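Next up, coords30.csv (CSV, C-alpha atoms):
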chain,number,residue,atom,x,y,z
A,269,MET,CA,82.1,157.1,58.5
A,270,LYS,CA,79.5,158.5,56.0
A,271,ASN,CA,80.9,156.4,53.2
A,272,ASP,CA,80.3,153.2,55.1
A,273,TYR,CA,76.6,153.8,54.8
A,274,ALA,CA,76.7,154.9,51.1
A,275,ALA,CA,76.7,151.3,49.8
A,276,LEU,CA,74.0,150.3,52.3
A,277,LEU,CA,71.8,153.2,51.2
A,278,GLY,CA,72.3,152.1,47.6
A,279,ALA,CA,71.2,148.6,48.4
A,280,LEU,CA,68.2,149.8,50.3
A,281,ARG,CA,67.2,152.1,47.4
A,282,GLU,CA,67.7,149.7,44.5
A,283,GLU,CA,67.1,146.3,45.9
A,284,ASP,CA,64.5,146.7,48.6
A,285,GLU,CA,62.1,144.0,47.1
A,286,PRO,CA,64.6,141.2,46.8
A,287,ILE,CA,65.9,142.1,50.3
A,288,VAL,CA,62.5,141.8,51.8
A,289,ASP,CA,62.0,138.4,50.1
A,290,GLU,CA,65.4,137.1,51.3
A,291,TRP,CA,64.6,138.5,54.8
A,292,MET,CA,61.3,136.6,54.8
A,293,ALA,CA,63.0,133.4,53.7
A,294,GLU,CA,65.3,133.8,56.8
A,295,LEU,CA,62.4,133.7,59.2
A,296,PRO,CA,61.0,130.5,60.5
A,297,ALA,CA,58.0,129.2,58.6
A,298,THR,CA,54.6,130.6,59.7
A,299,ASP,CA,51.1,130.7,58.3
A,300,VAL,CA,50.1,132.9,55.4
A,301,GLY,CA,48.5,135.7,57.5
A,302,THR,CA,51.5,136.2,59.7
A,303,ARG,CA,53.9,136.0,56.7
A,304,ARG,CA,51.9,138.8,55.0
A,305,ALA,CA,52.0,140.9,58.1
A,306,ASN,CA,55.7,140.3,58.5
A,307,GLN,CA,56.3,141.3,54.9
A,308,ALA,CA,54.3,144.5,55.3
A,309,GLU,CA,56.3,145.4,58.5
A,310,ALA,CA,59.6,144.5,56.8
A,311,SER,CA,59.0,146.8,53.8
A,312,GLU,CA,57.8,149.6,56.0
A,313,LEU,CA,60.9,149.2,58.2
A,314,LEU,CA,63.2,149.2,55.2
A,315,ARG,CA,61.5,152.3,53.8
A,316,LYS,CA,61.9,154.2,57.1
A,317,LEU,CA,65.5,153.1,57.5
A,318,ARG,CA,66.2,154.4,54.0
A,319,GLU,CA,64.5,157.7,54.7
A,320,SER,CA,66.5,158.2,57.9
A,321,LEU,CA,69.8,157.3,56.4
A,322,GLN,CA,69.1,159.5,53.4
A,323,ALA,CA,68.4,162.4,55.7
A,324,GLY,CA,71.9,161.9,57.1
A,325,ALA,CA,70.9,160.5,60.4
A,326,ASP,CA,73.9,159.2,62.4
A,327,PRO,CA,73.5,155.7,63.7
A,328,GLN,CA,75.6,156.6,66.8
A,329,GLY,CA,72.7,158.5,68.2
A,330,PHE,CA,70.1,155.9,67.4
A,331,GLU,CA,68.6,155.8,70.9
A,332,SER,CA,67.8,159.5,71.2
A,333,ALA,CA,68.3,161.5,67.9
A,334,ALA,CA,65.2,163.0,66.4
A,335,ASP,CA,66.0,161.9,62.9
A,336,TRP,CA,65.6,158.2,64.0
A,337,ALA,CA,62.3,158.9,65.6
A,338,SER,CA,60.2,157.3,62.8
A,339,VAL,CA,62.3,154.1,62.8
A,340,ARG,CA,62.1,153.9,66.6
A,341,ASP,CA,58.3,154.4,66.6
A,342,LEU,CA,57.9,151.7,64.0
A,343,LEU,CA,60.0,149.2,66.0
A,344,ALA,CA,58.0,150.2,69.1
A,345,ASP,CA,54.7,149.4,67.4
A,346,LEU,CA,56.2,146.2,66.1
A,347,SER,CA,57.3,145.0,69.6
A,348,ARG,CA,54.1,146.2,71.2
A,349,SER,CA,51.9,144.2,68.8
A,350,ARG,CA,54.1,141.1,69.2
A,351,ALA,CA,54.1,141.4,73.0
A,352,ALA,CA,50.3,141.7,72.9
A,353,GLN,CA,50.1,138.5,70.8
A,354,GLY,CA,52.2,136.8,73.4
A,355,GLN,CA,55.3,136.2,71.3
A,356,SER,CA,58.6,135.8,73.0
A,357,ALA,CA,61.3,138.5,73.2
A,358,GLY,CA,63.6,136.1,71.3
A,359,ALA,CA,61.3,135.7,68.4
A,360,THR,CA,60.8,139.5,68.2
A,361,SER,CA,64.6,140.2,68.0
A,362,VAL,CA,65.1,137.3,65.6
A,363,PHE,CA,62.8,139.1,63.2
A,364,VAL,CA,64.9,142.2,63.2
A,365,LEU,CA,68.3,140.4,63.3
A,366,ALA,CA,67.3,138.3,60.2
A,367,LEU,CA,67.7,141.5,58.2
A,368,LYS,CA,71.5,141.1,58.5
A,369,LYS,CA,71.9,138.3,56.1
A,370,PRO,CA,70.2,139.8,53.0
A,371,LEU,CA,71.9,143.1,53.6
A,372,PHE,CA,75.3,141.5,54.1
A,373,ALA,CA,74.9,139.6,50.8
A,374,SER,CA,73.9,142.8,49.0
A,375,LEU,CA,76.9,144.7,50.4
A,376,GLN,CA,79.2,141.9,49.4
A,377,ARG,CA,77.8,142.0,45.8
A,378,ARG,CA,78.3,145.8,45.7
A,379,LEU,CA,81.7,146.1,47.4
A,380,GLY,CA,83.2,142.7,46.6
A,381,ALA,CA,85.8,144.3,44.4
A,382,GLN,CA,87.1,146.6,47.1
A,383,PRO,CA,87.7,144.6,50.3
A,384,GLU,CA,89.1,147.6,52.2
A,385,ALA,CA,85.7,149.3,52.0
A,386,LEU,CA,83.7,146.1,52.6
A,387,GLY,CA,85.0,145.6,56.1
A,388,PRO,CA,84.0,148.9,57.6
A,389,ALA,CA,80.7,148.9,55.7
A,390,LEU,CA,79.8,145.5,57.1
A,391,TRP,CA,80.8,146.5,60.6
A,392,SER,CA,78.6,149.7,60.4
A,393,LEU,CA,75.7,147.7,59.1
A,394,SER,CA,76.1,145.1,61.8
A,395,THR,CA,76.1,147.7,64.5
A,396,LEU,CA,73.1,149.4,63.1
A,397,VAL,CA,71.0,146.3,62.9
A,398,ASP,CA,72.1,145.3,66.4
A,399,LYS,CA,70.9,148.7,67.7
A,400,LEU,CA,67.5,148.1,65.9
A,401,ALA,CA,67.2,144.7,67.6
A,402,GLN,CA,68.3,146.0,71.0
A,403,HIS,CA,65.7,148.8,70.8
A,404,THR,CA,63.0,146.3,69.8
A,405,VAL,CA,63.8,144.0,72.8
A,406,SER,CA,63.9,146.8,75.3
A,407,ILE,CA,60.6,148.2,74.1
A,408,PHE,CA,59.2,144.6,74.2
A,409,GLN,CA,60.3,144.2,77.8
A,410,GLN,CA,58.8,147.6,78.8
A,411,VAL,CA,55.5,146.6,77.2
A,412,ARG,CA,55.5,143.3,79.0
A,413,GLU,CA,56.2,145.1,82.3
A,414,ASP,CA,53.4,147.5,81.7
A,415,ILE,CA,51.0,144.5,81.1
A,416,ILE,CA,52.2,142.9,84.3
A,417,ARG,CA,51.8,146.1,86.3
A,418,ARG,CA,48.3,146.6,85.0
A,419,GLN,CA,47.3,143.1,85.8
A,420,GLN,CA,48.6,143.4,89.3
A,421,GLU,CA,46.6,146.6,89.8
A,422,GLU,CA,43.5,144.8,88.4
A,423,LEU,CA,44.1,141.9,90.7
A,424,LEU,CA,44.4,144.2,93.7
A,425,GLU,CA,41.1,145.8,93.0
A,426,LEU,CA,39.5,142.5,92.2
A,427,SER,CA,40.4,141.0,95.5
A,428,THR,CA,38.8,143.4,97.9
A,429,PRO,CA,35.1,143.2,97.8
A,430,VAL,CA,33.3,144.0,101.1
A,431,VAL,CA,29.8,142.5,101.1
A,432,LYS,CA,26.9,143.0,103.4
A,433,LEU,CA,25.7,139.6,104.6
A,434,TRP,CA,23.0,140.7,107.0
A,435,GLU,CA,21.8,143.8,108.8
A,436,GLY,CA,24.9,144.9,110.7
A,437,VAL,CA,27.1,142.1,109.4
A,438,LEU,CA,29.8,142.6,106.8
A,439,ALA,CA,32.0,140.0,105.1
A,440,VAL,CA,35.3,140.2,103.2
A,441,PRO,CA,36.2,137.1,101.2
A,442,MET,CA,40.0,137.3,101.0
A,443,ILE,CA,41.5,135.6,97.9
A,444,GLY,CA,45.2,135.1,97.2
A,445,VAL,CA,48.3,135.7,99.1
A,446,LEU,CA,48.1,138.4,101.8
A,447,ASP,CA,50.9,140.9,101.7
A,448,SER,CA,51.1,144.3,103.4
A,449,SER,CA,49.7,146.3,100.5
A,450,ARG,CA,46.7,143.9,100.1
A,451,THR,CA,46.0,143.9,103.8
A,452,GLN,CA,46.2,147.7,103.9
A,453,MET,CA,43.6,147.9,101.0
A,454,VAL,CA,41.3,145.4,102.6
A,455,MET,CA,41.6,147.1,106.0
A,456,GLU,CA,40.8,150.5,104.5
A,457,ALA,CA,37.8,149.2,102.5
A,458,LEU,CA,36.4,147.3,105.4
A,459,LEU,CA,36.8,150.0,108.0
A,460,THR,CA,35.2,152.6,105.6
A,461,ARG,CA,32.2,150.3,105.0
A,462,ILE,CA,31.9,149.7,108.8
A,463,VAL,CA,31.5,153.4,109.3
A,464,GLU,CA,29.1,153.8,106.3
A,465,THR,CA,26.8,150.9,107.3
A,466,GLY,CA,27.2,151.2,111.1
A,467,SER,CA,27.9,147.4,111.1
A,468,GLU,CA,28.8,145.9,114.4
A,469,LEU,CA,30.4,142.7,113.0
A,470,ALA,CA,32.8,141.9,110.3
A,471,ILE,CA,33.6,138.4,109.0
A,472,ILE,CA,37.0,137.9,107.4
A,473,ASP,CA,36.8,134.7,105.3
A,474,ILE,CA,40.3,133.3,104.5
A,475,THR,CA,39.1,130.3,102.4
A,476,GLY,CA,40.9,131.7,99.4
A,477,VAL,CA,44.2,132.4,101.2
A,478,PRO,CA,46.5,129.5,100.2
A,479,THR,CA,48.9,129.6,103.1
A,480,VAL,CA,49.1,131.3,106.5
A,481,ASP,CA,52.5,132.1,107.9
A,482,THR,CA,53.5,134.3,110.7
A,483,LEU,CA,53.5,137.4,108.5
A,484,VAL,CA,50.0,136.7,107.2
A,485,ALA,CA,48.8,136.1,110.7
A,486,GLN,CA,50.3,139.3,111.8
A,487,HIS,CA,48.4,141.2,109.0
A,488,LEU,CA,45.2,139.5,110.0
A,489,LEU,CA,45.7,140.4,113.7
A,490,LYS,CA,46.3,144.0,112.7
A,491,THR,CA,43.0,144.1,110.8
A,492,VAL,CA,41.2,142.6,113.8
A,493,THR,CA,42.7,145.1,116.1
A,494,ALA,CA,41.8,148.0,113.9
A,495,ILE,CA,38.2,146.7,113.6
A,496,ARG,CA,38.0,146.5,117.4
A,497,LEU,CA,39.4,150.0,117.8
A,498,MET,CA,36.5,151.2,115.7
A,499,GLY,CA,34.1,149.6,118.1
A,500,ALA,CA,33.1,146.6,115.9
A,501,ASP,CA,33.8,143.0,116.4
A,502,CYS,CA,35.4,140.5,114.1
A,503,ILE,CA,35.1,136.8,113.2
A,504,ILE,CA,37.7,134.9,111.1
A,505,SER,CA,36.2,132.1,109.0
A,506,GLY,CA,37.3,129.6,106.4
A,507,ILE,CA,40.2,128.1,108.4
A,508,ARG,CA,41.0,124.9,106.7
A,509,PRO,CA,42.3,122.0,108.8
A,510,GLN,CA,45.8,122.3,107.4
A,511,ILE,CA,45.9,126.0,108.2
A,512,ALA,CA,44.6,125.4,111.7
A,513,GLN,CA,47.6,123.0,112.2
A,514,THR,CA,50.0,125.5,110.7
A,515,ILE,CA,48.7,128.2,113.1
A,516,VAL,CA,49.2,125.9,116.1
A,517,HIS,CA,52.7,124.7,114.9
A,518,LEU,CA,53.8,128.2,114.4
A,519,GLY,CA,52.6,129.2,117.8
A,520,ILE,CA,50.5,132.1,116.6
A,521,ASP,CA,48.3,133.4,119.3
A,522,LEU,CA,45.0,134.5,117.8
A,523,GLN,CA,44.3,136.5,121.0
A,524,GLY,CA,40.7,135.5,121.7
A,525,VAL,CA,39.6,136.2,118.1
A,526,SER,CA,36.5,134.2,117.2
A,527,THR,CA,37.3,131.7,114.5
A,528,LYS,CA,35.0,129.4,112.6
A,529,ALA,CA,35.6,126.7,110.0
A,530,THR,CA,33.1,128.0,107.4
A,531,LEU,CA,31.5,131.2,106.5
A,532,ALA,CA,28.1,129.7,107.3
A,533,ASP,CA,29.2,128.9,110.9
A,534,ALA,CA,30.5,132.5,111.2
A,535,LEU,CA,27.3,133.9,109.9
A,536,SER,CA,25.3,131.9,112.4
A,537,LEU,CA,27.6,133.1,115.2
A,538,ALA,CA,27.2,136.7,114.0
A,539,LEU,CA,23.4,136.4,114.0
A,540,GLN,CA,23.5,135.0,117.5
A,541,LYS,CA,25.8,137.8,118.7
A,542,THR,CA,23.5,140.5,117.1
A,543,GLY,CA,20.5,138.9,118.7
A,544,TRP,CA,18.8,137.4,115.6
A,545,ARG,CA,17.1,134.1,115.6
A,546,ILE,CA,16.2,132.1,112.5
A,547,THR,CA,13.5,129.5,112.5
A,548,ARG,CA,12.5,127.2,109.7
A,549,ASP,CA,8.9,126.3,108.9
A,550,LYS,CA,8.5,122.6,108.4
B,564,MET,CA,45.1,177.1,125.8
B,565,ASP,CA,42.3,174.8,124.7
B,566,ARG,CA,40.4,173.1,127.4
B,567,ILE,CA,38.1,170.3,126.5
B,568,PRO,CA,34.7,170.6,128.1
B,569,ILE,CA,33.3,167.6,130.1
B,570,LEU,CA,29.5,167.3,130.0
B,571,ARG,CA,27.5,165.4,132.5
B,572,MET,CA,24.6,163.4,131.4
B,573,GLY,CA,23.0,161.5,134.3
B,574,GLU,CA,25.6,159.0,135.4
B,575,THR,CA,27.7,159.5,132.3
B,576,LEU,CA,30.4,162.0,131.6
B,577,LEU,CA,30.6,163.0,127.9
B,578,VAL,CA,33.8,164.3,126.3
B,579,THR,CA,33.8,165.4,122.7
B,580,ILE,CA,37.2,166.0,121.3
B,581,GLN,CA,36.9,168.4,118.4
B,582,VAL,CA,40.4,170.0,118.3
B,583,ASP,CA,43.7,168.5,117.4
B,584,MET,CA,45.1,167.2,120.6
B,585,GLN,CA,48.2,168.8,121.9
B,586,ASP,CA,50.1,166.9,124.6
B,587,GLN,CA,49.2,169.6,127.2
B,588,THR,CA,45.5,169.5,126.2
B,589,ALA,CA,45.6,165.7,126.7
B,590,LEU,CA,47.2,165.9,130.1
B,591,THR,CA,44.7,168.6,131.2
B,592,LEU,CA,41.8,166.5,130.0
B,593,GLN,CA,43.2,163.5,132.0
B,594,ASP,CA,43.4,165.6,135.2
B,595,ASP,CA,39.9,167.2,134.7
B,596,LEU,CA,38.3,163.8,134.0
B,597,ALA,CA,39.8,162.2,137.1
B,598,GLY,CA,38.6,165.1,139.2
B,599,GLN,CA,35.1,165.0,137.6
B,600,ILE,CA,34.6,161.3,138.0
B,601,ALA,CA,35.6,161.5,141.7
B,602,LYS,CA,33.4,164.5,142.3
B,603,THR,CA,30.2,163.3,140.5
B,604,GLY,CA,30.6,159.6,141.1
B,605,ALA,CA,29.9,158.9,137.5
B,606,SER,CA,29.7,155.3,136.4
B,607,GLY,CA,30.5,155.9,132.7
B,608,VAL,CA,32.8,158.0,130.6
B,609,MET,CA,32.2,158.4,126.9
B,610,ILE,CA,35.0,160.0,124.7
B,611,ASP,CA,33.8,160.9,121.3
B,612,ILE,CA,36.7,161.1,118.9
B,613,SER,CA,34.8,161.2,115.6
B,614,ALA,CA,36.1,164.6,114.8
B,615,LEU,CA,39.7,163.6,115.4
B,616,GLU,CA,41.6,163.0,112.3
B,617,ILE,CA,45.2,162.9,113.5
B,618,VAL,CA,46.5,160.8,116.4
B,619,ASP,CA,49.9,160.2,117.7
B,620,SER,CA,51.2,157.6,120.2
B,621,PHE,CA,50.8,160.1,123.0
B,622,VAL,CA,47.0,160.5,122.4
B,623,GLY,CA,46.7,156.7,122.1
B,624,ARG,CA,48.5,156.3,125.5
B,625,MET,CA,46.3,159.0,127.0
B,626,LEU,CA,43.1,157.1,126.0
B,627,THR,CA,44.5,153.9,127.6
B,628,SER,CA,45.5,155.8,130.8
B,629,ILE,CA,42.1,157.6,131.1
B,630,SER,CA,40.4,154.2,130.8
B,631,GLY,CA,42.7,152.9,133.5
B,632,ILE,CA,42.1,155.8,135.8
B,633,ALA,CA,38.4,155.6,135.3
B,634,ARG,CA,38.4,151.9,136.1
B,635,ILE,CA,40.1,152.5,139.4
B,636,LEU,CA,37.4,155.1,140.2
B,637,SER,CA,34.8,152.4,139.2
B,638,ALA,CA,33.7,154.0,136.0
B,639,THR,CA,33.6,152.3,132.5
B,640,THR,CA,35.2,154.2,129.6
B,641,VAL,CA,34.1,153.8,126.1
B,642,VAL,CA,35.8,155.5,123.1
B,643,VAL,CA,33.3,156.1,120.2
B,644,GLY,CA,33.4,157.1,116.6
B,645,MET,CA,37.0,156.4,115.7
B,646,GLN,CA,37.8,157.1,112.1
B,647,PRO,CA,39.2,154.3,109.9
B,648,ALA,CA,42.4,156.3,109.3
B,649,VAL,CA,42.9,156.8,113.0
B,650,ALA,CA,42.3,153.1,113.7
B,651,ILE,CA,44.9,152.1,111.0
B,652,THR,CA,47.4,154.6,112.4
B,653,LEU,CA,47.0,153.3,115.9
B,654,VAL,CA,47.5,149.7,114.7
B,655,GLU,CA,50.6,150.7,112.8
B,656,LEU,CA,51.9,152.4,115.9
B,657,GLY,CA,51.5,149.1,117.7
B,658,LEU,CA,48.8,150.5,120.1
B,659,SER,CA,45.8,148.2,120.5
B,660,LEU,CA,44.3,150.2,123.4
B,661,GLU,CA,44.1,147.2,125.6
B,662,GLY,CA,41.3,147.5,128.1
B,663,VAL,CA,39.6,150.4,126.3
B,664,ARG,CA,36.0,149.7,125.2
B,665,THR,CA,35.0,151.0,121.8
B,666,ALA,CA,31.8,151.6,120.0
B,667,LEU,CA,30.9,152.8,116.5
B,668,ASN,CA,28.9,155.8,117.5
B,669,VAL,CA,27.5,157.7,120.5
B,670,GLU,CA,24.2,155.7,120.5
B,671,ARG,CA,26.0,152.4,120.6
B,672,GLY,CA,28.3,153.7,123.2
B,673,MET,CA,25.4,154.7,125.4
B,674,GLU,CA,23.9,151.2,125.1
B,675,LEU,CA,27.3,149.7,126.0
B,676,LEU,CA,27.5,151.9,129.1
B,677,GLN,CA,24.0,151.0,130.1
B,678,ARG,CA,24.8,147.3,129.8
B,679,ALA,CA,28.0,147.7,131.8
B,680,ARG,CA,26.1,149.5,134.5
B,681,GLY,CA,23.6,146.6,134.6
B,682,GLU,CA,26.4,144.1,135.0
B,683,SER,CA,28.1,146.0,137.7
B,684,SER,CA,24.9,146.6,139.7
B,685,LEU,CA,24.3,142.8,139.5
B,686,GLY,CA,27.7,142.3,140.9
B,687,HIS,CA,27.0,144.3,144.0
Please, can you express the file's structure as structure tokens?
Amino acid sequence: MKNDYAALLGALREEDEPIVDEWMAELPATDVGTRRANQAEASELLRKLRESLQAGADPQGFESAADWASVRDLLADLSRSRAAQGQSAGATSVFVLALKKPLFASLQRRLGAQPEALGPALWSLSTLVDKLAQHTVSIFQQVREDIIRRQQEELLELSTPVVKLWEGVLAVPMIGVLDSSRTQMVMEALLTRIVETGSELAIIDITGVPTVDTLVAQHLLKTVTAIRLMGADCIISGIRPQIAQTIVHLGIDLQGVSTKATLADALSLALQKTGWRITRDK
Amino acid sequence: MDRIPILRMGETLLVTIQVDMQDQTALTLQDDLAGQIAKTGASGVMIDISALEIVDSFVGRMLTSISGIARILSATTVVVGMQPAVAITLVELGLSLEGVRTALNVERGMELLQRARGESSLGH
């Protein structure tokens, strides 16, 4: 098995510059800056690969062995930067897989005279490069998932502001699809603010909720019930005509919850309930 | 065994729950309250649960039944100071405490009882 890599190691040691050039030629055309960055990454990768092979690292244990750590880290950095730039997983693995052709050519030149050695050497090389590419893609995916998870968390925090509209009147503008975790967060934030401010009225504005189905309605009703249990009252506002129709078609009973079309209407009802009267000077 | 004291303030009976409710404590409270309402002719019952951090369905049902008992004895019940976590738990348990009046704090609860008293005296 060791011998299969001897020729490869020789190629990496003696021909690394031409290999990088050929490798770059394999890649789809890009602008000068990207090309230069690619070239730097390619030479670095070849160097690390050579060091690991020289140290006698066994490609079988590529995913976990300590002597491959530097190559793995380099590939991880490479996919991370590409994921952040918004490149596709395909383009990232193509970059690594394009290394096959120049190395194959080089092995052919070196071992062309002894076909019985060429076969296994090519096979080992192919397996190794595949492993590199596989690792790159899996890291790429992991990075993407991290990005998505972070964005979801940010979105969740973004979407639950509880604002004080008036003395004793709170409002929550709900934005986006209501699911149980969102409702739970909104409910907690709102109830806590009710206790803090001693507000008697809360307005839930659903202008930013795209659709209302039975599940969303159930979440809303839960929130309303919890608010009532605390001893405060609740108005739901921002019900668009289509949503009003959907609610009736679905047969959702809003159990005597005050509902208003706009936040302004809800505020004036809230002021009326809390005993405020607003007059306007001519 | 813990027994929850019932304080009388004019026409209102005040109950402050400050210990974790055991089922037996809840039942005793229910008994005591019914007796006290009948004895004093109180028109309002205020239950302060602001110190209560854990509820179960039994306590939830107890609040509903106290309210029902008090209504039959012509007294209004108001539950005050429920913690957000308690409210969420009750909702998740599917208990909405139908027919129980609630207020944010003792002061608001007193106002509510006063208003209820005014309404019922008008009714006579």
Rounded to one decimal place, report the atom CA of A:Leu342-atom CA of A:Glu421 distance in Å. 28.6 Å
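We find atom CA of A:Val516 and atom CA of B:Arg664 to be spaced 28.7 Å apart.
The spacing separating atom CA of B:Ala666 from atom CA of B:Ile569 amounts to 19.0 Å.
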Residue among B:Gln581, B:Thr665, B:Gln593, B:Thr652 lying closest to B:Ser628, counting all atoms listed in the file: B:Gln593
Residues within 9 Å of B:Val669, all atoms listed in the file, excluding chain neighbours under 5 positions, as a JSON list (two decimals) with C-alpha atoms, keeping the file's coordinate frame:
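What ended up in out.json:
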[["chain", "number", "residue", "atom", "x", "y", "z"],
["B", 609, "MET", "CA", 32.20, 158.40, 126.90],
["B", 610, "ILE", "CA", 35.00, 160.00, 124.70],
["B", 611, "ASP", "CA", 33.80, 160.90, 121.30],
["B", 642, "VAL", "CA", 35.80, 155.50, 123.10],
["B", 643, "VAL", "CA", 33.30, 156.10, 120.20],
["B", 644, "GLY", "CA", 33.40, 157.10, 116.60],
["B", 674, "GLU", "CA", 23.90, 151.20, 125.10]]
Compile a residue-level contact table for chain A against chain B at a cut-off of 8 Å, reporting for every qualifying residue the shortest atom pair and its distance in Å to one decimal, with all atoms listed in the file counted, rows ordered by chain and ascending number, as JSON lines.
{"residue": "A:Met455", "atom": "CA", "partner": "B:Ile651", "partner_atom": "CA", "distance": 7.8}
{"residue": "A:Glu456", "atom": "CA", "partner": "B:Pro647", "partner_atom": "CA", "distance": 6.8}
{"residue": "A:Leu459", "atom": "CA", "partner": "B:Pro647", "partner_atom": "CA", "distance": 5.3}
{"residue": "A:Thr460", "atom": "CA", "partner": "B:Pro647", "partner_atom": "CA", "distance": 6.1}
{"residue": "A:Val463", "atom": "CA", "partner": "B:Leu667", "partner_atom": "CA", "distance": 7.2}
{"residue": "A:Gly466", "atom": "CA", "partner": "B:Leu667", "partner_atom": "CA", "distance": 6.7}
{"residue": "A:Glu468", "atom": "CA", "partner": "B:Leu667", "partner_atom": "CA", "distance": 7.5}
{"residue": "A:Lys490", "atom": "CA", "partner": "B:Val654", "partner_atom": "CA", "distance": 6.2}
{"residue": "A:Thr493", "atom": "CA", "partner": "B:Ser659", "partner_atom": "CA", "distance": 6.2}
{"residue": "A:Ala494", "atom": "CA", "partner": "B:Ala650", "partner_atom": "CA", "distance": 5.1}
{"residue": "A:Ile495", "atom": "CA", "partner": "B:Ala650", "partner_atom": "CA", "distance": 7.6}
{"residue": "A:Arg496", "atom": "CA", "partner": "B:Thr665", "partner_atom": "CA", "distance": 7.0}
{"residue": "A:Leu497", "atom": "CA", "partner": "B:Ala650", "partner_atom": "CA", "distance": 5.9}
{"residue": "A:Met498", "atom": "CA", "partner": "B:Met645", "partner_atom": "CA", "distance": 5.2}
{"residue": "A:Gly499", "atom": "CA", "partner": "B:Ala666", "partner_atom": "CA", "distance": 3.6}
{"residue": "A:Ala500", "atom": "CA", "partner": "B:Ala666", "partner_atom": "CA", "distance": 6.6}
Please identify all polymer residues within 10 Å of stretch 294-299 of chain A, counting all atoms listed in the file, omitting same-chain residues fewer than 5 positions from it, and present them as a PDB file with C-alpha atoms, keeping the file's coordinate frame.
ATOM      1  CA  VAL A 288      62.500 141.800  51.800  1.00  0.00           C
ATOM      2  CA  ASP A 289      62.000 138.400  50.100  1.00  0.00           C
ATOM      3  CA  ARG A 304      51.900 138.800  55.000  1.00  0.00           C
ATOM      4  CA  ASN A 306      55.700 140.300  58.500  1.00  0.00           C
ATOM      5  CA  ALA A 359      61.300 135.700  68.400  1.00  0.00           C
ATOM      6  CA  VAL A 362      65.100 137.300  65.600  1.00  0.00           C
ATOM      7  CA  PHE A 363      62.800 139.100  63.200  1.00  0.00           C
ATOM      8  CA  VAL A 364      64.900 142.200  63.200  1.00  0.00           C
ATOM      9  CA  LEU A 365      68.300 140.400  63.300  1.00  0.00           C
ATOM     10  CA  ALA A 366      67.300 138.300  60.200  1.00  0.00           C
ATOM     11  CA  LEU A 367      67.700 141.500  58.200  1.00  0.00           C
ATOM     12  CA  LYS A 368      71.500 141.100  58.500  1.00  0.00           C
ATOM     13  CA  LYS A 369      71.900 138.300  56.100  1.00  0.00           C
ATOM     14  CA  PRO A 370      70.200 139.800  53.000  1.00  0.00           C
TER      15      PRO A 370
END
As number ranges by chain, please: the residues near stretch 324-341 of chain A (cut-off 9 Å, only C-alpha atoms, same-chain neighbours under 5 positions excluded). A: 270, 313, 316-317, 319, 346, 392, 395-396, 399-400, 403-404
As a ChimeraX atom specification, please: the residues near A:Leu489 (cut-off 9 Å, only C-alpha atoms, same-chain neighbours under 5 positions excluded). /A:484,494,522-523,525
Of B:Ser620, B:Gln585, B:Gln677, B:Ser683, the one sitting nearest B:Gly573 when using all atoms listed in the file is B:Gln677
Show which residues sit within 8 Å of B:Leu576, as a PyMOL selection string. Count only C-alpha atoms, and ignore same-chain residues fewer than 2 positions away. chain B and resi 569-574+578+600+605+607-609
